[in-house]
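To keep things clear, I will list the structure first and then write my remarks on it.
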Amino acid sequence: MTYFKLSLRNARRQARDYLVYFSTIVMVAALLYAFNGLIFSQELQSLALQMRTLPMMIVMVSVVVIAIISWLVSYTINFMLTRRSREFGIYVLIGLENTQVARLFFLENMAVGGCALGLGILLGNLFYQMLRAIVLTLFGAPYTFSFVFSLRAVGLTLLCFALIYLFAQLKSRKRIRFMKIHELIYFDRQNEKAVIRTGKRRRKVFTLSLVLGVLGTLMLMTGYLPFGIAGATCIIIFLYAFFLSFASGVPAYFDKRQEKKYRGQNLLVFRTLTSKLATMGVVMATIALLFTATLVSEGFGLILQGLFYGRARENSCFDIMIGISDLRQDQGDYIEYLHDNVSVEAERQYQVYQGDNAQVRDYLLKNTTYYAYHQYDILMAYSDYAALREMLGYSEVTLEQGQYLIHCRTYLEDLFNEYTQSISVGGQSLGAKSVHSEPLGQYGWEVNGSDYILVVPDALAEQCPVSHLLYVALTGEPISEEQYTELNYIRKVRSQYHDYDNIIVGAQEEREAASWTAMTVFPLYYLALVLTMTAATILTIQLLSESGRYRRQFGLLQKLGMDSREMAGALRRQFAVYYAMPAIPPLLIGIPVLWDLTLMPEPGILTGISHPAVIMGIAVGLYLLVYAIYVLLAYTSLKRSVLPE
């Protein structure tokens with residue numbers, strides 16, 4: 001058999017034996033190509049001005065992804081070297097030189113990496129089309145399938161893979177070249193060196209790690225940056241200390257509870273687990289750290305998506321809204337530009353007034369989380385309110401003398417339904433009539449009331465001081481980005497002479513939400529998926545590589561009288577505990593941290609599908625779904641090869 005035929009044969013066997021690893025590398029290559037395609041897509045970058053920074057965001061995340069995949073490839077190649085060191089020792093023993101063996105191993109892995117890269121680029125083109133369709137949908141642009149093969153994206157993906165594989169291969173090649181026959185043959189018997197050597201010290205570290213885990217999680221939830229940095233440090237120390245000391249912590253627990261130790265299959269399950277952790281504690285801790293980053297990335301991405309679209313949704317009911325706080329000015333400059341350049345179908349100019357006091361605002365501050373923008377309640381004349389409802393196609397609402405009604409954002413509706421107190425306007429008492437919560441442009445400053453507004457009879461409203469001026473309009477076509485830029489230029493000129501005006505364009509709000517989603521949420525999901533695949537791949541390789549030992553173990557148990565049902569149960573428990581160990585700590589850390597993050601945006605923004613509870617469910621669900629695919633594949637393979645017939 002020639003030198004190159006041997007390399008190709010070993011490469012095929014390597015791809016077959018490490019199918020999970022090979023599949024993961026194919027997926028990573030596909031993701032790299034798909035996101036590299038976004039970097040060079042002029043079509044997507046032309047959708048909005050903000051999208052021009054998309055390449056920079058993807059490059060920043062890709063650098064992190066390349067570092068993670070480099071670690072995965074380096075770890076796996078080193079793991080292969082460990083498992084095949086005896087084979088390489090025999091090659092040297094029969095006459096091959098170390099440099100030839102190193103070159104053989106190099107060619108094998110480059111062949112596997114090259115095949116994975118080729119398949120990944122083909123699959124990546126499909127992924128790119130999916131990303132392209134999603135981005136175009138976000139902007140409301142039409143999508144038509146077109147096969148695009150970007151040579152620049154291929155070149156960048158090839159460069160990334162070259163850096164990843166060459167770095168890992170050069171390390172292994174250098175190691176093989178300087179290893180002696182004895183070292184090669186017995187290299188697979190080396191275990192991870194114990195960082196904490198004595199059992200007593202391990203038990204102390206185990207207890208301390210739990211304290212640091214709780215403390216770090218609480219510090220992350222404070223929202224204070226120095227505490228957050230300290231909390232993240234505590235979490236990292238907790239994970240490594242926990243897994244390095246777990247092998248002593250569990251035996252100490254069972255030594256004090258002998259009845260649990262010998263109950264059922266506990267002794268078999270936990271003895272196997274602790275022996276496994278004793279040899280891969282650092283790896284387990286690193287995997288748990290990756291899972292924690294995965295969960296936080298997914299949840300944070302969902303929070304940002306809800307934040308962007310929640311803010312856009314609140315003020316996009318009108319095509320344009322212009323608020324002016326300087327009562328010496330009006331909206332004439334803007335209106336003239338709109339009439340000359342935009343098809344205005346309906347419009348309204350009106351005033352918003354100051355109430356006599358802050359009675360309703362104080363009620364909100366006392367009973368809910370509310371950001372007070374004004375020192376007084378905001379009022380609107382009924383005629384203006386009725387005109388706005390008619391513009392937006394809402395049902396007609398009547399208001400009698402001596403009454404007022406409340407229009408608020410959805411999150412305040414239930415609270416206001418319980419508010420039945422009278423208010424005083426111009427020295428006259430008004431009784432509460434009804435509460436309404438359709439979208440009315442109530443988010444921010446100089447809008448239709450910050451989160452709520454009190455609608456009162458015209459005669460009473462006109463007696464009150466004016467708070468600010470408003471102009472709203474509906475247009476035949478969405479206001480373009482170029483037109484929005486012109487409106488901002490008018491604002492810039494006007495701001496030299498008076499206060500800065502507030503311009504809200506519905507189409508621009510939606511464009512910005514879509515842009516920020518593409519620039520932040522997509523890269524976060526990309527990072528989270530790569531983190532999950534990397535961690536799950538290493539776990540699975542470690543487990544499947546020991547199928548021979550498990551087969552011998554269960555063969556011995558069969559001889560001792562254990563039936564097939566009991567052996568299957570023991571395997572399931574060992575398998576479940578093994579995969580749960582690095583997955584549970586991230587859940588215990590990530591869920592409270594993410595829940596705290598969902599409470600940080602202003603009230604009423606995260607609603608509907610972006611409600612905090614929904615975000616938590618989706619984040620945890622995505623995290624467990626990708627992980628479950630690897631778990632199911634590993635369990636099916638292990639059960640088939642381990643359990644006796």
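In the structure tokens, each chain is lettered A, B, ... as it comes, each chain's residues begin at 1, and ligands are numbered from 1 in order of appearance.
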
Proximity check region 557-631 of chain A to region 427-444 of chain A, 12 Å, nearest pairs one decimal Å, only C-alpha atoms, as a tab-separated table:
residue	atom	partner	partner_atom	distance
A:Glu602	CA	A:Tyr443	CA	10.0
A:Pro603	CA	A:Tyr443	CA	10.4
A:Gly604	CA	A:Tyr443	CA	9.6
A:Ile605	CA	A:Tyr443	CA	9.4

Check your understanding: Got a sec: who's within 10 Å of Tyr550 (chain A), counting only C-alpha atoms, leaving out chain neighbours fewer than 5 positions off, as a ChimeraX atom specification?
Key -> /A:272,543-545,555-556,571,638-639,641-643

Exercise for review: Taking the chain letters and numbering used in this document, name the residues of region 20-254 of chain A that DSSP puts in alpha helix (DSSP H), as a PyMOL selection string.
Suggested key: chain A and resi 20-39+42-45+54-93+98-138+151-177+181-185+199-220+225-254

Point to revise | Residue nearest Thr534 (chain A) among A:Leu215, A:Ala153, A:Pro478, A:Tyr630 (counting only C-alpha atoms) | key: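 Going through A:Leu215, A:Ala153, A:Pro478, A:Tyr630 one by one, the smallest distance to Thr534 (chain A) is for A:Tyr630.
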
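CA of Met533 (chain A) is found 13.5 Å from CA of Thr286 (chain A).
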
Practice item. Taking the DSSP assignment computed from this structure's backbone, write out as number ranges by chain all residues of region 421-614 of chain A that belong to strand (DSSP E). Key: A: 423-425, 428-436, 452-456, 466-475, 502-505

Kindly save the residues from that selection, with N, CA, C and O atoms included, as a short mmCIF file (atom, residue, chain, number, x, y, z; two decimals), in the first residue's frame.
data_model
loop_
_atom_site.label_atom_id
_atom_site.label_comp_id
_atom_site.auth_asym_id
_atom_site.auth_seq_id
_atom_site.Cartn_x
_atom_site.Cartn_y
_atom_site.Cartn_z
N ILE A 423 -60.59 63.70 38.24
CA ILE A 423 -59.44 64.58 38.09
C ILE A 423 -59.95 66.02 37.98
O ILE A 423 -61.13 66.26 37.67
N SER A 424 -59.06 66.94 38.24
CA SER A 424 -59.42 68.35 38.16
C SER A 424 -58.71 68.99 36.98
O SER A 424 -57.49 68.90 36.84
N VAL A 425 -59.48 69.64 36.08
CA VAL A 425 -58.94 70.35 34.93
C VAL A 425 -59.58 71.73 34.88
O VAL A 425 -60.80 71.85 34.77
N GLN A 428 -62.40 72.35 37.27
CA GLN A 428 -63.63 71.55 37.13
C GLN A 428 -63.29 70.07 37.33
O GLN A 428 -62.29 69.57 36.82
N SER A 429 -64.15 69.38 38.06
CA SER A 429 -63.94 67.96 38.34
C SER A 429 -64.53 67.12 37.21
O SER A 429 -65.66 67.33 36.77
N LEU A 430 -63.73 66.13 36.75
CA LEU A 430 -64.17 65.23 35.68
C LEU A 430 -64.13 63.79 36.17
O LEU A 430 -63.18 63.37 36.85
N GLY A 431 -65.15 63.03 35.81
CA GLY A 431 -65.22 61.63 36.21
C GLY A 431 -64.68 60.72 35.11
O GLY A 431 -64.76 61.02 33.92
N ALA A 432 -64.13 59.58 35.53
CA ALA A 432 -63.55 58.63 34.58
C ALA A 432 -64.64 57.95 33.77
O ALA A 432 -65.67 57.55 34.31
N LYS A 433 -64.40 57.81 32.45
CA LYS A 433 -65.37 57.14 31.60
C LYS A 433 -64.85 55.78 31.11
O LYS A 433 -65.47 54.75 31.36
N SER A 434 -63.73 55.77 30.40
CA SER A 434 -63.26 54.52 29.80
C SER A 434 -61.75 54.59 29.57
O SER A 434 -61.14 55.65 29.66
N VAL A 435 -61.19 53.41 29.25
CA VAL A 435 -59.75 53.29 28.99
C VAL A 435 -59.59 52.62 27.62
O VAL A 435 -60.26 51.64 27.31
N HIS A 436 -58.67 53.15 26.81
CA HIS A 436 -58.41 52.61 25.47
C HIS A 436 -56.90 52.44 25.30
O HIS A 436 -56.11 53.20 25.87
N TYR A 452 -49.27 57.41 28.42
CA TYR A 452 -50.70 57.62 28.64
C TYR A 452 -51.03 59.09 28.38
O TYR A 452 -50.15 59.96 28.41
N ILE A 453 -52.30 59.35 28.11
CA ILE A 453 -52.77 60.73 27.95
C ILE A 453 -54.22 60.80 28.42
O ILE A 453 -54.98 59.81 28.29
N LEU A 454 -54.61 61.92 28.99
CA LEU A 454 -55.98 62.13 29.47
C LEU A 454 -56.73 62.95 28.42
O LEU A 454 -56.30 64.05 28.07
N VAL A 455 -57.82 62.42 27.92
CA VAL A 455 -58.62 63.11 26.91
C VAL A 455 -59.78 63.81 27.62
O VAL A 455 -60.56 63.18 28.34
N VAL A 456 -59.87 65.15 27.41
CA VAL A 456 -60.87 65.96 28.13
C VAL A 456 -61.62 66.82 27.10
O VAL A 456 -61.19 66.97 25.95
N VAL A 466 -49.98 74.99 27.09
CA VAL A 466 -49.58 74.04 26.05
C VAL A 466 -48.26 73.37 26.44
O VAL A 466 -47.31 74.04 26.86
N SER A 467 -48.22 72.07 26.31
CA SER A 467 -46.99 71.32 26.59
C SER A 467 -46.09 71.29 25.36
O SER A 467 -44.92 71.64 25.41
N HIS A 468 -46.64 70.84 24.22
CA HIS A 468 -45.87 70.81 22.98
C HIS A 468 -46.83 70.72 21.80
O HIS A 468 -48.03 70.47 21.97
N LEU A 469 -46.29 70.95 20.61
CA LEU A 469 -47.07 70.90 19.38
C LEU A 469 -46.80 69.59 18.66
O LEU A 469 -45.68 69.06 18.70
N LEU A 470 -47.84 69.07 17.98
CA LEU A 470 -47.68 67.81 17.27
C LEU A 470 -48.26 67.91 15.86
O LEU A 470 -49.26 68.62 15.62
N TYR A 471 -47.63 67.20 14.96
CA TYR A 471 -48.14 67.03 13.60
C TYR A 471 -48.01 65.56 13.26
O TYR A 471 -46.94 64.96 13.43
N VAL A 472 -49.10 64.94 12.80
CA VAL A 472 -49.08 63.53 12.40
C VAL A 472 -49.67 63.43 11.00
O VAL A 472 -50.52 64.25 10.61
N ALA A 473 -49.23 62.44 10.25
CA ALA A 473 -49.73 62.26 8.88
C ALA A 473 -49.63 60.81 8.47
O ALA A 473 -48.77 60.04 8.96
N LEU A 474 -50.54 60.42 7.57
CA LEU A 474 -50.48 59.14 6.88
C LEU A 474 -50.18 59.43 5.42
O LEU A 474 -50.72 60.36 4.83
N THR A 475 -49.28 58.63 4.84
CA THR A 475 -48.84 58.88 3.47
C THR A 475 -49.20 57.70 2.57
O THR A 475 -49.37 56.57 3.04
N ASN A 502 -38.53 66.61 17.53
CA ASN A 502 -38.62 65.15 17.56
C ASN A 502 -39.34 64.67 16.31
O ASN A 502 -40.52 64.95 16.12
N ILE A 503 -38.63 63.95 15.43
CA ILE A 503 -39.21 63.43 14.19
C ILE A 503 -39.24 61.91 14.28
O ILE A 503 -38.20 61.27 14.46
N ILE A 504 -40.42 61.35 14.14
CA ILE A 504 -40.59 59.90 14.16
C ILE A 504 -41.24 59.48 12.85
O ILE A 504 -42.36 59.89 12.55
N VAL A 505 -40.52 58.70 12.06
CA VAL A 505 -41.02 58.19 10.78
C VAL A 505 -41.22 56.69 10.94
O VAL A 505 -40.26 55.96 11.24
#

**Study point:** From A:Gln169, A:Ser23, A:Ser150, A:Gln331, residue lying nearest Glu108 (chain A) [only C-alpha atoms]
**Key:**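 Result for the nearest residue to Glu108 (chain A): A:Gln169.
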
Practice item. Write out as a list in words the residues lying within 12 Å of Gln42 (chain A), counting only C-alpha atoms and excluding same-chain residues fewer than 2 positions away. Key: Gly37, Leu38, Ile39, Phe40, Leu44, Gln45, Ser46, Leu47, Ala48, Leu49, Met51, Arg52, Thr53, Leu54, Pro55, Arg132 and Ser150 of chain A

Review point. Skipping near chain neighbours, those fewer than 5 positions away, what residues fall within 12 Å of Ala168 (chain A) using only C-alpha atoms, listed as a PyMOL selection string?
Key: chain A and resi 67+69-81+105-106+109-110+113+161-163+173-175

Find the residues near Glu486 (chain A): any atom within 12 Å, counting only C-alpha atoms, skip ones fewer than 4 places away on the same chain, and give them as a PDB file with all heavy atoms, in the first residue's frame.
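Output (around00.pdb):
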ATOM      1  N   ASP A 333     -42.035  74.271   8.090  1.00  0.00           N
ATOM      2  CA  ASP A 333     -40.956  73.826   7.210  1.00  0.00           C
ATOM      3  C   ASP A 333     -41.129  72.359   6.829  1.00  0.00           C
ATOM      4  O   ASP A 333     -40.944  71.981   5.661  1.00  0.00           O
ATOM      5  CB  ASP A 333     -39.600  74.012   7.887  1.00  0.00           C
ATOM      6  CG  ASP A 333     -39.292  75.467   8.190  1.00  0.00           C
ATOM      7  OD1 ASP A 333     -40.002  76.329   7.634  1.00  0.00           O
ATOM      8  OD2 ASP A 333     -38.373  75.733   8.975  1.00  0.00           O
ATOM      9  N   TYR A 334     -41.470  71.565   7.821  1.00  0.00           N
ATOM     10  CA  TYR A 334     -41.648  70.132   7.565  1.00  0.00           C
ATOM     11  C   TYR A 334     -42.863  69.875   6.671  1.00  0.00           C
ATOM     12  O   TYR A 334     -42.798  69.073   5.730  1.00  0.00           O
ATOM     13  CB  TYR A 334     -41.820  69.371   8.879  1.00  0.00           C
ATOM     14  CG  TYR A 334     -40.662  69.504   9.838  1.00  0.00           C
ATOM     15  CD1 TYR A 334     -40.801  70.197  11.040  1.00  0.00           C
ATOM     16  CD2 TYR A 334     -39.430  68.933   9.554  1.00  0.00           C
ATOM     17  CE1 TYR A 334     -39.753  70.306  11.932  1.00  0.00           C
ATOM     18  CE2 TYR A 334     -38.368  69.033  10.438  1.00  0.00           C
ATOM     19  CZ  TYR A 334     -38.534  69.723  11.629  1.00  0.00           C
ATOM     20  OH  TYR A 334     -37.487  69.832  12.503  1.00  0.00           O
ATOM     21  N   TYR A 337     -42.229  70.659   3.047  1.00  0.00           N
ATOM     22  CA  TYR A 337     -41.416  69.626   2.385  1.00  0.00           C
ATOM     23  C   TYR A 337     -42.252  68.387   2.096  1.00  0.00           C
ATOM     24  O   TYR A 337     -42.163  67.801   1.003  1.00  0.00           O
ATOM     25  CB  TYR A 337     -40.209  69.257   3.257  1.00  0.00           C
ATOM     26  CG  TYR A 337     -39.428  68.087   2.701  1.00  0.00           C
ATOM     27  CD1 TYR A 337     -38.499  68.285   1.684  1.00  0.00           C
ATOM     28  CD2 TYR A 337     -39.648  66.794   3.166  1.00  0.00           C
ATOM     29  CE1 TYR A 337     -37.799  67.212   1.145  1.00  0.00           C
ATOM     30  CE2 TYR A 337     -38.959  65.719   2.633  1.00  0.00           C
ATOM     31  CZ  TYR A 337     -38.036  65.930   1.627  1.00  0.00           C
ATOM     32  OH  TYR A 337     -37.357  64.865   1.081  1.00  0.00           O
ATOM     33  N   LEU A 338     -43.067  67.957   3.072  1.00  0.00           N
ATOM     34  CA  LEU A 338     -43.880  66.753   2.882  1.00  0.00           C
ATOM     35  C   LEU A 338     -44.888  66.938   1.752  1.00  0.00           C
ATOM     36  O   LEU A 338     -45.087  66.034   0.923  1.00  0.00           O
ATOM     37  CB  LEU A 338     -44.605  66.403   4.187  1.00  0.00           C
ATOM     38  CG  LEU A 338     -43.709  65.910   5.332  1.00  0.00           C
ATOM     39  CD1 LEU A 338     -44.496  65.807   6.627  1.00  0.00           C
ATOM     40  CD2 LEU A 338     -43.089  64.557   4.986  1.00  0.00           C
ATOM     41  N   ASN A 341     -43.010  66.633  -1.604  1.00  0.00           N
ATOM     42  CA  ASN A 341     -42.243  65.424  -1.932  1.00  0.00           C
ATOM     43  C   ASN A 341     -42.918  64.111  -1.564  1.00  0.00           C
ATOM     44  O   ASN A 341     -42.452  63.056  -2.001  1.00  0.00           O
ATOM     45  CB  ASN A 341     -40.879  65.479  -1.219  1.00  0.00           C
ATOM     46  CG  ASN A 341     -40.022  66.628  -1.683  1.00  0.00           C
ATOM     47  OD1 ASN A 341     -39.324  66.536  -2.686  1.00  0.00           O
ATOM     48  ND2 ASN A 341     -40.085  67.740  -0.939  1.00  0.00           N
ATOM     49  N   VAL A 342     -43.969  64.157  -0.755  1.00  0.00           N
ATOM     50  CA  VAL A 342     -44.614  62.934  -0.276  1.00  0.00           C
ATOM     51  C   VAL A 342     -46.110  63.027  -0.535  1.00  0.00           C
ATOM     52  O   VAL A 342     -46.697  64.125  -0.442  1.00  0.00           O
ATOM     53  CB  VAL A 342     -44.341  62.720   1.235  1.00  0.00           C
ATOM     54  CG1 VAL A 342     -45.010  61.454   1.726  1.00  0.00           C
ATOM     55  CG2 VAL A 342     -42.848  62.669   1.504  1.00  0.00           C
ATOM     56  N   ILE A 479     -42.280  56.693   3.741  1.00  0.00           N
ATOM     57  CA  ILE A 479     -41.241  57.716   3.581  1.00  0.00           C
ATOM     58  C   ILE A 479     -39.889  57.023   3.446  1.00  0.00           C
ATOM     59  O   ILE A 479     -39.506  56.195   4.280  1.00  0.00           O
ATOM     60  CB  ILE A 479     -41.252  58.678   4.785  1.00  0.00           C
ATOM     61  CG1 ILE A 479     -42.585  59.452   4.803  1.00  0.00           C
ATOM     62  CG2 ILE A 479     -40.079  59.638   4.732  1.00  0.00           C
ATOM     63  CD1 ILE A 479     -42.765  60.341   6.003  1.00  0.00           C
ATOM     64  N   SER A 480     -39.175  57.356   2.371  1.00  0.00           N
ATOM     65  CA  SER A 480     -37.912  56.678   2.078  1.00  0.00           C
ATOM     66  C   SER A 480     -36.803  57.160   3.008  1.00  0.00           C
ATOM     67  O   SER A 480     -36.940  58.174   3.712  1.00  0.00           O
ATOM     68  CB  SER A 480     -37.502  56.926   0.626  1.00  0.00           C
ATOM     69  OG  SER A 480     -37.168  58.294   0.441  1.00  0.00           O
ATOM     70  N   GLU A 481     -35.694  56.435   2.967  1.00  0.00           N
ATOM     71  CA  GLU A 481     -34.550  56.812   3.800  1.00  0.00           C
ATOM     72  C   GLU A 481     -33.961  58.145   3.345  1.00  0.00           C
ATOM     73  O   GLU A 481     -33.505  58.945   4.176  1.00  0.00           O
ATOM     74  CB  GLU A 481     -33.495  55.707   3.745  1.00  0.00           C
ATOM     75  CG  GLU A 481     -32.487  55.771   4.874  1.00  0.00           C
ATOM     76  CD  GLU A 481     -31.759  54.462   5.070  1.00  0.00           C
ATOM     77  OE1 GLU A 481     -31.749  53.641   4.145  1.00  0.00           O
ATOM     78  OE2 GLU A 481     -31.189  54.268   6.167  1.00  0.00           O
ATOM     79  N   GLU A 482     -33.985  58.403   2.043  1.00  0.00           N
ATOM     80  CA  GLU A 482     -33.486  59.671   1.530  1.00  0.00           C
ATOM     81  C   GLU A 482     -34.367  60.830   2.002  1.00  0.00           C
ATOM     82  O   GLU A 482     -33.860  61.903   2.385  1.00  0.00           O
ATOM     83  CB  GLU A 482     -33.431  59.645   0.000  1.00  0.00           C
ATOM     84  CG  GLU A 482     -32.386  58.701  -0.580  1.00  0.00           C
ATOM     85  CD  GLU A 482     -32.794  57.241  -0.473  1.00  0.00           C
ATOM     86  OE1 GLU A 482     -34.012  56.979  -0.251  1.00  0.00           O
ATOM     87  OE2 GLU A 482     -31.912  56.364  -0.585  1.00  0.00           O
ATOM     88  N   ILE A 490     -33.534  69.456   7.640  1.00  0.00           N
ATOM     89  CA  ILE A 490     -34.379  70.583   8.051  1.00  0.00           C
ATOM     90  C   ILE A 490     -34.324  70.751   9.566  1.00  0.00           C
ATOM     91  O   ILE A 490     -34.222  71.867  10.091  1.00  0.00           O
ATOM     92  CB  ILE A 490     -35.828  70.359   7.578  1.00  0.00           C
ATOM     93  CG1 ILE A 490     -35.894  70.344   6.041  1.00  0.00           C
ATOM     94  CG2 ILE A 490     -36.751  71.436   8.139  1.00  0.00           C
ATOM     95  CD1 ILE A 490     -37.251  69.962   5.494  1.00  0.00           C
ATOM     96  N   ARG A 491     -34.390  69.639  10.287  1.00  0.00           N
ATOM     97  CA  ARG A 491     -34.320  69.703  11.751  1.00  0.00           C
ATOM     98  C   ARG A 491     -32.985  70.286  12.205  1.00  0.00           C
ATOM     99  O   ARG A 491     -32.936  71.084  13.144  1.00  0.00           O
ATOM    100  CB  ARG A 491     -34.517  68.305  12.346  1.00  0.00           C
ATOM    101  CG  ARG A 491     -34.277  68.253  13.847  1.00  0.00           C
ATOM    102  CD  ARG A 491     -34.738  66.960  14.465  1.00  0.00           C
ATOM    103  NE  ARG A 491     -34.093  65.782  13.892  1.00  0.00           N
ATOM    104  CZ  ARG A 491     -34.343  64.540  14.301  1.00  0.00           C
ATOM    105  NH1 ARG A 491     -35.229  64.324  15.263  1.00  0.00           N
ATOM    106  NH2 ARG A 491     -33.734  63.513  13.741  1.00  0.00           N
ATOM    107  N   LYS A 492     -31.902  69.887  11.545  1.00  0.00           N
ATOM    108  CA  LYS A 492     -30.582  70.384  11.922  1.00  0.00           C
ATOM    109  C   LYS A 492     -30.496  71.895  11.741  1.00  0.00           C
ATOM    110  O   LYS A 492     -29.938  72.611  12.581  1.00  0.00           O
ATOM    111  CB  LYS A 492     -29.518  69.677  11.084  1.00  0.00           C
ATOM    112  CG  LYS A 492     -28.093  70.061  11.439  1.00  0.00           C
ATOM    113  CD  LYS A 492     -27.094  69.282  10.600  1.00  0.00           C
ATOM    114  CE  LYS A 492     -25.666  69.668  10.966  1.00  0.00           C
ATOM    115  NZ  LYS A 492     -24.670  68.932  10.142  1.00  0.00           N
ATOM    116  N   VAL A 493     -31.061  72.397  10.636  1.00  0.00           N
ATOM    117  CA  VAL A 493     -31.056  73.844  10.400  1.00  0.00           C
ATOM    118  C   VAL A 493     -31.887  74.560  11.453  1.00  0.00           C
ATOM    119  O   VAL A 493     -31.483  75.589  12.014  1.00  0.00           O
ATOM    120  CB  VAL A 493     -31.579  74.154   8.984  1.00  0.00           C
ATOM    121  CG1 VAL A 493     -31.748  75.660   8.795  1.00  0.00           C
ATOM    122  CG2 VAL A 493     -30.630  73.591   7.929  1.00  0.00           C
ATOM    123  N   ILE A 503     -38.627  63.951  15.433  1.00  0.00           N
ATOM    124  CA  ILE A 503     -39.205  63.430  14.193  1.00  0.00           C
ATOM    125  C   ILE A 503     -39.238  61.911  14.279  1.00  0.00           C
ATOM    126  O   ILE A 503     -38.198  61.268  14.465  1.00  0.00           O
ATOM    127  CB  ILE A 503     -38.392  63.865  12.952  1.00  0.00           C
ATOM    128  CG1 ILE A 503     -38.317  65.388  12.869  1.00  0.00           C
ATOM    129  CG2 ILE A 503     -39.009  63.294  11.683  1.00  0.00           C
ATOM    130  CD1 ILE A 503     -37.450  65.877  11.725  1.00  0.00           C
TER     131      ILE A 503
END

Using only C-alpha atoms, I'd like a table of the residues in region 499-601 of chain A that come within 12 Å of region 608-628 of chain A; for each, show the closest atom pair and its distance in Å rounded to one decimal, ordered by chain and ascending number, as JSON lines.
{"residue": "A:Leu524", "atom": "CA", "partner": "A:Ala619", "partner_atom": "CA", "distance": 11.9}
{"residue": "A:Tyr525", "atom": "CA", "partner": "A:Leu622", "partner_atom": "CA", "distance": 10.0}
{"residue": "A:Ala528", "atom": "CA", "partner": "A:Tyr623", "partner_atom": "CA", "distance": 8.4}
{"residue": "A:Leu529", "atom": "CA", "partner": "A:Val626", "partner_atom": "CA", "distance": 7.9}
{"residue": "A:Val530", "atom": "CA", "partner": "A:Val626", "partner_atom": "CA", "distance": 10.3}
{"residue": "A:Leu531", "atom": "CA", "partner": "A:Tyr623", "partner_atom": "CA", "distance": 10.2}
{"residue": "A:Thr532", "atom": "CA", "partner": "A:Tyr627", "partner_atom": "CA", "distance": 6.8}
{"residue": "A:Met533", "atom": "CA", "partner": "A:Val626", "partner_atom": "CA", "distance": 7.6}
{"residue": "A:Thr534", "atom": "CA", "partner": "A:Tyr627", "partner_atom": "CA", "distance": 10.4}
{"residue": "A:Ala535", "atom": "CA", "partner": "A:Tyr627", "partner_atom": "CA", "distance": 9.0}
{"residue": "A:Ala536", "atom": "CA", "partner": "A:Tyr627", "partner_atom": "CA", "distance": 6.4}
{"residue": "A:Thr537", "atom": "CA", "partner": "A:Tyr627", "partner_atom": "CA", "distance": 9.6}
{"residue": "A:Ile538", "atom": "CA", "partner": "A:Tyr627", "partner_atom": "CA", "distance": 11.9}
{"residue": "A:Leu539", "atom": "CA", "partner": "A:Tyr627", "partner_atom": "CA", "distance": 10.5}
{"residue": "A:Thr540", "atom": "CA", "partner": "A:Tyr627", "partner_atom": "CA", "distance": 10.6}
{"residue": "A:Ala576", "atom": "CA", "partner": "A:Ala628", "partner_atom": "CA", "distance": 11.0}
{"residue": "A:Tyr579", "atom": "CA", "partner": "A:Tyr627", "partner_atom": "CA", "distance": 9.2}
{"residue": "A:Ala580", "atom": "CA", "partner": "A:Tyr627", "partner_atom": "CA", "distance": 10.4}
{"residue": "A:Pro582", "atom": "CA", "partner": "A:Tyr627", "partner_atom": "CA", "distance": 11.2}
{"residue": "A:Ala583", "atom": "CA", "partner": "A:Leu624", "partner_atom": "CA", "distance": 8.8}
{"residue": "A:Ile584", "atom": "CA", "partner": "A:Leu624", "partner_atom": "CA", "distance": 10.7}
{"residue": "A:Pro586", "atom": "CA", "partner": "A:Val620", "partner_atom": "CA", "distance": 10.3}
{"residue": "A:Leu587", "atom": "CA", "partner": "A:Val620", "partner_atom": "CA", "distance": 7.9}
{"residue": "A:Leu588", "atom": "CA", "partner": "A:Val620", "partner_atom": "CA", "distance": 11.2}
{"residue": "A:Gly590", "atom": "CA", "partner": "A:Val620", "partner_atom": "CA", "distance": 9.1}
{"residue": "A:Ile591", "atom": "CA", "partner": "A:Met616", "partner_atom": "CA", "distance": 7.1}
{"residue": "A:Pro592", "atom": "CA", "partner": "A:Met616", "partner_atom": "CA", "distance": 9.6}
{"residue": "A:Val593", "atom": "CA", "partner": "A:Met616", "partner_atom": "CA", "distance": 10.5}
{"residue": "A:Leu594", "atom": "CA", "partner": "A:Met616", "partner_atom": "CA", "distance": 7.3}
{"residue": "A:Trp595", "atom": "CA", "partner": "A:Pro612", "partner_atom": "CA", "distance": 6.8}
{"residue": "A:Asp596", "atom": "CA", "partner": "A:Pro612", "partner_atom": "CA", "distance": 9.3}
{"residue": "A:Leu597", "atom": "CA", "partner": "A:Pro612", "partner_atom": "CA", "distance": 9.0}
{"residue": "A:Thr598", "atom": "CA", "partner": "A:Pro612", "partner_atom": "CA", "distance": 5.6}
{"residue": "A:Leu599", "atom": "CA", "partner": "A:Pro612", "partner_atom": "CA", "distance": 7.7}
{"residue": "A:Met600", "atom": "CA", "partner": "A:Pro612", "partner_atom": "CA", "distance": 10.6}
{"residue": "A:Pro601", "atom": "CA", "partner": "A:Pro612", "partner_atom": "CA", "distance": 10.6}

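Distance annotation: of A:Val112, A:Ile335, A:Leu392, A:Ile378, the residue with the minimal separation from Tyr18 (chain A) is A:Val112; atom set is only C-alpha atoms.
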
Exercise for review: Compare A:Glu566, A:Gly120, A:Leu151, A:Arg328 by their minimum atom-to-atom distance to Thr24 (chain A), counting only C-alpha atoms, and give me the closest one.
Suggested key: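 Counting only C-alpha atoms, the residue closest to Thr24 (chain A) is A:Gly120.
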